[in-house]
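Below: the structure, in structure tokens.
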There are 2 protein chains.
Amino acid sequence: MMMTLRALAFCAVALTAPLAAADEPRGTGALGIVIERTAGSVLIVDTVNRAVTGRVTGLGDLSHASAVFSPDGRYAYVFGRDGGLTKVDLLAGAIAKRTIQAGNAIGGAISDDGTLVAVSNYEPGGVRVFDAATLAPLADIAAIGANGKTSKTVGLVDLPGRRFAYALYDADEIWIADFSGGDAPKITKLTGIGRLPYDGNVTPDGRHYLVGLFGEDGVVHVDLWKQPLQARRILDNYGRGEERLPVYKMPHFEGWASAGDVMLIPAVGRHELIAVDRRSFREVGRIATSGQPIFAVARPDGRHAWVNFATPHNNMIDVVDTTTLSVVHRFAAGPAVLHMEFTPRGHEVWVSVRDANRVQVYDTSSFARKAELEAQHPSGIFFTARAGRIGQ
Amino acid sequence: MMMTLRALAFCAVALTAPLAAADEPRGTGALGIVIERTAGSVLIVDTVNRAVTGRVTGLGDLSHASAVFSPDGRYAYVFGRDGGLTKVDLLAGAIAKRTIQAGNAIGGAISDDGTLVAVSNYEPGGVRVFDAATLAPLADIAAIGANGKTSKTVGLVDLPGRRFAYALYDADEIWIADFSGGDAPKITKLTGIGRLPYDGNVTPDGRHYLVGLFGEDGVVHVDLWKQPLQARRILDNYGRGEERLPVYKMPHFEGWASAGDVMLIPAVGRHELIAVDRRSFREVGRIATSGQPIFAVARPDGRHAWVNFATPHNNMIDVVDTTTLSVVHRFAAGPAVLHMEFTPRGHEVWVSVRDANRVQVYDTSSFARKAELEAQHPSGIFFTARAGRIGQ
């Protein structure tokens, strides 16, 4: 009965929140989207009112979908698994443009000046680049490695200076595509970086590009501020000599928590986060967690990281103190916690609970649940504040 | 003649940039304001189009004015020197609310949840807190120190958890006002911190509060993550034994460049920046500059900091590489460079050149001047991306 009353109270909050009239001016700074993976739709949400303001349908296959935002915060670019690239108008609550740019894709990025949208493709491989205003194709960069293979690309991120970095899964390479001279990129290639790079990310300052290896035990690091660029191995054999657990899901690199003096990296196949010093890139500690970590997301101030897990522990969330490297709070949030997104200054966090068909909002100081919103099998949550971040 | 043609070309860019119709939906992510200090007005600007989209007048005395933004990016709160607090609607291009909250003020802050606007006052002293929606007064915190004096307050910043930090100029204290329990704050006081704190700022993670002293040679540091809070002195007597230059203007702490592993701190009265290690807070180097630094602003990636200067060198800008601690570019930007604001991901920087009555926009990679905009005696420039930052 308590549960029911509480659920009703939450519903009341969600349903009675004010919806702006379509013609009323509104700021876009507190807007965002929630991916509804099964329905192929996105919810438009307002983090100030903790409310859903609209639903946009017809975006295709949104499993593993992600999004970036235009500099003005009005448009989300949603990257679908089926190669669909959809530009969603958050103010109109409608699709502004849509193209099927490939057969199978795995995320994208937007250049620091907001003019280029790049998509990382599995099929046919390579990276395609589009005009952010019109979605007209501008560049098609085949990913043919030194081994002659056409490769899937992964870990695509924006870098300062109209550049993108990504890795070639089938060719063991990292490429930097530099569009500072126009729409024909200059490509820098790092070869033989290690077997089967499967995901990558860049630190919030755009300096350190890190790539995980599926074919070997280790992580690859490139200091983008040092010329000539070099790919060097860090954390070699970090699980060496210990019994491995089966890997239920490879952790995402998007969520490597870069916090204060350390980065928190999900260990592959283990119930652990690895703490790595941000200067030396050496391991400085481990944190025992509730399961195999998927995302370890730093709260914007970096004091805490929130961590979710692969099945069978995907109902749990651990909150880690990044100064003491200890779990300070641990709770069952609900069935299938898929993603977490903080409000820009970190006072609240939105959590997708897929199998409960809802998004739950928590106060990050008290850990109190402040609201919940109905959503159909929600997965990724993305707020417009990402528009202002390097490596968004 | 070359100059004239170039100036005309720049004007054409500024004047022909598209102005959105008042009723056309627009995102607020790329908007900002430029303070016109003499006229008591602000320009509303669009960083994507590098254009002025409106001017709002009637804001009173805007010398030393600063601004913060609502979480939705629609409203700027402008803090005037005369105690005026003006809420400007960037979409309507008009004043939404205005109050004269004190006789003499020196800046303000907005709580991390966007509900409280706090103002730091010289006359009558103390800090006043207002409802961000209505500007209705919520709290009036007198600043009476252990010495019994009513004090001016300085260095007011927001902290995570609905808190504010500030210093008491006449009482040598630092106070933390905690509104997490409601509109009646809990105050924590640090006394005897050093003579005449004159400005302060917090690092972008909200962890380290730093206060400059006017009455002594040194800086005060509080690690806000360590309980009990302690004010400790750093950089004691950093000019000891060397000949002093006359101090033309005290440097602003707003612009302490927190970049990579170091902070760059303007030395008082010297033609130098002091590089301080971000972990130990010890000096690790000095950088000779074109004049007495006023602002040292980190580009969002932290690789460079742009520095402006007190008279008679206030026409210059130095660009410092934060990894090598050397000046990599130095140029005369024009008469009376007062402020610099980077686009959120740092690809461009806007510079107020007061006595040329214009704002100049530079590419931060090539240092090329990309645009200029007419403005009447421009001073502070503030973009809405600040809404998403701790210590905005």
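Going through the structure tokens in order, the chains are called A, B, and so on, while each chain numbers its residues from 1 and the ligands are numbered from 1 in the order shown.
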
For the interface of chain B with chain A (cut-off 7 Å, counting only C-alpha atoms), please tabulate each contacting residue of chain B alongside its nearest pair of atoms and their separation in Å to one decimal, rows sorted by chain and increasing number, as JSON lines.
```
{"residue": "B:Pro25", "atom": "CA", "partner": "A:Pro25", "partner_atom": "CA", "distance": 6.6}
{"residue": "B:Arg26", "atom": "CA", "partner": "A:Arg74", "partner_atom": "CA", "distance": 6.7}
{"residue": "B:Gly27", "atom": "CA", "partner": "A:Arg74", "partner_atom": "CA", "distance": 4.5}
{"residue": "B:Thr28", "atom": "CA", "partner": "A:Gly27", "partner_atom": "CA", "distance": 5.4}
{"residue": "B:Gly29", "atom": "CA", "partner": "A:Asp72", "partner_atom": "CA", "distance": 4.0}
{"residue": "B:Ala30", "atom": "CA", "partner": "A:Asp72", "partner_atom": "CA", "distance": 4.5}
{"residue": "B:Pro71", "atom": "CA", "partner": "A:Ala30", "partner_atom": "CA", "distance": 5.8}
{"residue": "B:Asp72", "atom": "CA", "partner": "A:Gly29", "partner_atom": "CA", "distance": 4.0}
{"residue": "B:Gly73", "atom": "CA", "partner": "A:Gly29", "partner_atom": "CA", "distance": 4.8}
{"residue": "B:Arg74", "atom": "CA", "partner": "A:Gly27", "partner_atom": "CA", "distance": 4.5}
{"residue": "B:Leu91", "atom": "CA", "partner": "A:Pro25", "partner_atom": "CA", "distance": 6.8}
{"residue": "B:Asp112", "atom": "CA", "partner": "A:Arg345", "partner_atom": "CA", "distance": 6.0}
{"residue": "B:Asp113", "atom": "CA", "partner": "A:His347", "partner_atom": "CA", "distance": 6.6}
{"residue": "B:Pro160", "atom": "CA", "partner": "A:His347", "partner_atom": "CA", "distance": 6.8}
{"residue": "B:Gly161", "atom": "CA", "partner": "A:His347", "partner_atom": "CA", "distance": 6.6}
{"residue": "B:Asp205", "atom": "CA", "partner": "A:Asp301", "partner_atom": "CA", "distance": 4.3}
{"residue": "B:Gly206", "atom": "CA", "partner": "A:Asp301", "partner_atom": "CA", "distance": 6.1}
{"residue": "B:Asp301", "atom": "CA", "partner": "A:Asp205", "partner_atom": "CA", "distance": 4.3}
{"residue": "B:Gly302", "atom": "CA", "partner": "A:Asp205", "partner_atom": "CA", "distance": 6.5}
{"residue": "B:Pro344", "atom": "CA", "partner": "A:Gly388", "partner_atom": "CA", "distance": 4.6}
{"residue": "B:Arg345", "atom": "CA", "partner": "A:Ile390", "partner_atom": "CA", "distance": 5.6}
{"residue": "B:His347", "atom": "CA", "partner": "A:Asp112", "partner_atom": "CA", "distance": 6.5}
{"residue": "B:Ser365", "atom": "CA", "partner": "A:Gly161", "partner_atom": "CA", "distance": 6.8}
{"residue": "B:Ala385", "atom": "CA", "partner": "A:Gly388", "partner_atom": "CA", "distance": 6.4}
{"residue": "B:Gly388", "atom": "CA", "partner": "A:Pro344", "partner_atom": "CA", "distance": 4.6}
{"residue": "B:Arg389", "atom": "CA", "partner": "A:Arg345", "partner_atom": "CA", "distance": 5.6}
{"residue": "B:Ile390", "atom": "CA", "partner": "A:Arg345", "partner_atom": "CA", "distance": 5.6}
```

Give me the residues near segment 306-321 of chain B as a PDB file with C-alpha atoms, in the first residue's frame, where near means some atom within 7 Å (using only C-alpha atoms) and where sequence neighbours in that chain fewer than 6 positions away do not count.
```
ATOM      1  CA  TYR B 248      47.191  49.476 -11.035  1.00  0.00           C
ATOM      2  CA  LYS B 249      44.269  47.147 -10.504  1.00  0.00           C
ATOM      3  CA  THR B 289      53.674  38.476 -19.108  1.00  0.00           C
ATOM      4  CA  SER B 290      53.061  41.704 -21.024  1.00  0.00           C
ATOM      5  CA  GLY B 291      51.805  43.541 -17.969  1.00  0.00           C
ATOM      6  CA  GLN B 292      50.041  43.113 -14.631  1.00  0.00           C
ATOM      7  CA  PRO B 293      47.516  40.318 -15.319  1.00  0.00           C
ATOM      8  CA  ILE B 294      43.839  40.930 -14.612  1.00  0.00           C
ATOM      9  CA  PHE B 295      42.088  37.845 -16.005  1.00  0.00           C
ATOM     10  CA  ALA B 296      43.815  34.565 -16.841  1.00  0.00           C
ATOM     11  CA  VAL B 297      41.037  32.541 -18.439  1.00  0.00           C
ATOM     12  CA  ALA B 298      41.490  28.871 -19.329  1.00  0.00           C
ATOM     13  CA  VAL B 327      53.635  32.487 -23.872  1.00  0.00           C
ATOM     14  CA  VAL B 328      52.876  31.046 -27.321  1.00  0.00           C
ATOM     15  CA  HIS B 329      51.145  34.095 -28.790  1.00  0.00           C
ATOM     16  CA  ARG B 330      51.044  37.762 -27.852  1.00  0.00           C
ATOM     17  CA  PHE B 331      49.252  40.564 -29.641  1.00  0.00           C
ATOM     18  CA  ALA B 332      47.759  44.032 -29.330  1.00  0.00           C
ATOM     19  CA  ALA B 333      44.006  43.469 -29.533  1.00  0.00           C
ATOM     20  CA  GLY B 334      42.976  47.110 -29.189  1.00  0.00           C
ATOM     21  CA  PRO B 335      42.450  49.817 -26.583  1.00  0.00           C
ATOM     22  CA  ALA B 336      41.243  48.600 -23.168  1.00  0.00           C
ATOM     23  CA  VAL B 337      40.727  44.844 -23.389  1.00  0.00           C
TER      24      VAL B 337
END
```

**OP:** Grab the atom CA of Gly182 of chain A to atom CA of Arg163 of chain A distance for me, in Å with one decimal place.
**Re:**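 Between atom CA of Gly182 of chain A and atom CA of Arg163 of chain A the gap works out to 10.9 Å.
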
**OP:** Rank nothing, just name the residue among B:Val219, B:Val119, B:Leu210, B:Ala231 nearest to Lys189 of chain B, using only C-alpha atoms.
**Re:**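 Looking only at the distances to Lys189 of chain B, the closest residue turns out to be B:Ala231.
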
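Here atom CA of Gly125 of chain B stands at a distance of 26.4 Å from atom CA of His339 of chain B.
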
Original post:
Using the chain letters and numbers from this document, which residues of segment 14-164 of chain B does DSSP assign to strand (DSSP E), as a PyMOL selection string?
Top reply: chain B and resi 31-36+41-46+51-56+66-69+75-79+84-89+94-100+104-110+116-123+127-131+137-141+153-159+163-164

**OP:** For Ile234 of chain B, list every protein, DNA or RNA residue within 8 Å, evaluated using only C-alpha atoms, and leave out those in the same chain fewer than 5 positions away; present the list as a PyMOL selection string.
**Re:** chain B and resi 218-221+281-282

Using C-alpha atoms, can you write the selected residues to a file as a CSV table (one decimal), in the first residue's frame?
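Final file, result_4.csv:
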```csv
chain,number,residue,atom,x,y,z
B,218,GLY,CA,49.1,35.5,0.3
B,219,VAL,CA,46.1,33.5,-0.7
B,220,VAL,CA,43.7,31.5,1.5
B,221,HIS,CA,42.6,28.0,0.5
B,281,PHE,CA,48.9,24.1,-4.1
B,282,ARG,CA,52.6,24.9,-4.2
```

**OP:** Please identify all polymer residues within 9 Å of Val42 of chain B, counting only C-alpha atoms, omitting same-chain residues fewer than 2 positions from it, and present them as an NGL selection string.
**Re:** :B and (33-37 or 39-40 or 44 or 54-57 or 59 or 378)
